[in-house]
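The structure appears below as structure tokens.
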Amino acid sequence: AHRVAGYWNELDTQSRFLLNKLIGGSFRVGVSKLLVQRALAEGSGVDAKRVAQRMMGYTDGRVAPTAERYARLTAEGDEGAVDLGQPYPFFLAHQLDLPHPAFAARLGEPDGWLVEWKYDGIRAQVVRRGGQV
């Protein structure tokens with residue numbers, strides 16, 4: 001207690017604030033999930049959407065972070081494959097203004113599309129991977 005009081009006397013207001021955060025265990029650096037996903041994608045060369053998919057459930061507090069889990073998160077190709085039941089991340093829908101003939105060139109043939117109906121406030125997914133639903 002005497003040592004902490006001594007630090008408080010030596011430090012200016014901002015430094016005291018930081019010291020209190022550090023010794024109290026409430027020092028956090030806020031970073032958005034999107035920024036983390038972009039950084040991991042850029043650092044690993046994996047597409048940011050793939051990183052987002054792999055991160056679904058990644059921060060579960062009941063599962064300790066490990067080097068193996070990080071390696072799977074940032075692995076190229078299918079080496080970082082997700083569990084069969086892991087959901088796809090939700091992305092906001094955006095309008096695509098293209099002439100009708102250009103849709104197939106840009107988005108592929110319609111028989112390969114997946115349509116998701118969005119009802120206000122309700123989201124659900126049925127995921128089919130590896131022949132399993």
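To be explicit about the labels: the chains of the structure tokens are called A, B, and onward in the order shown, and within each one the residues are counted from 1, while ligands get numbers from 1 in the order they are shown.
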
* To do: Please provide as JSON, numbers by chain all residues within 12 Å of A:Val29, with the sequence filter that same-chain residues fewer than 4 positions apart are discarded (counting only C-alpha atoms).
  => {"A": [18, 21, 22]}

* Report the distance between atom CA of A:Met56 and atom CA of A:Glu76 in Å, rounded to one decimal place. => 17.3 Å

* How many Å lie between atom CA of A:Leu40 and atom CA of A:Thr66, rounded to one decimal? -> 15.6 Å

* Show which residues sit within 8 Å of A:Leu73, as a list of chain:residue names. Count only C-alpha atoms, and ignore same-chain residues fewer than 2 positions away. =>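 Here the qualifying residues turn out to be A:Val51, A:Arg54, A:Met55, A:Arg69, A:Tyr70, A:Ala71, A:Ala75, A:Gly80.
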
* Asked: Counting only C-alpha atoms, which of A:Gly24, A:Thr74, A:Gln14, A:Gly131 gets nearest to A:Glu42?
  -> A:Thr74
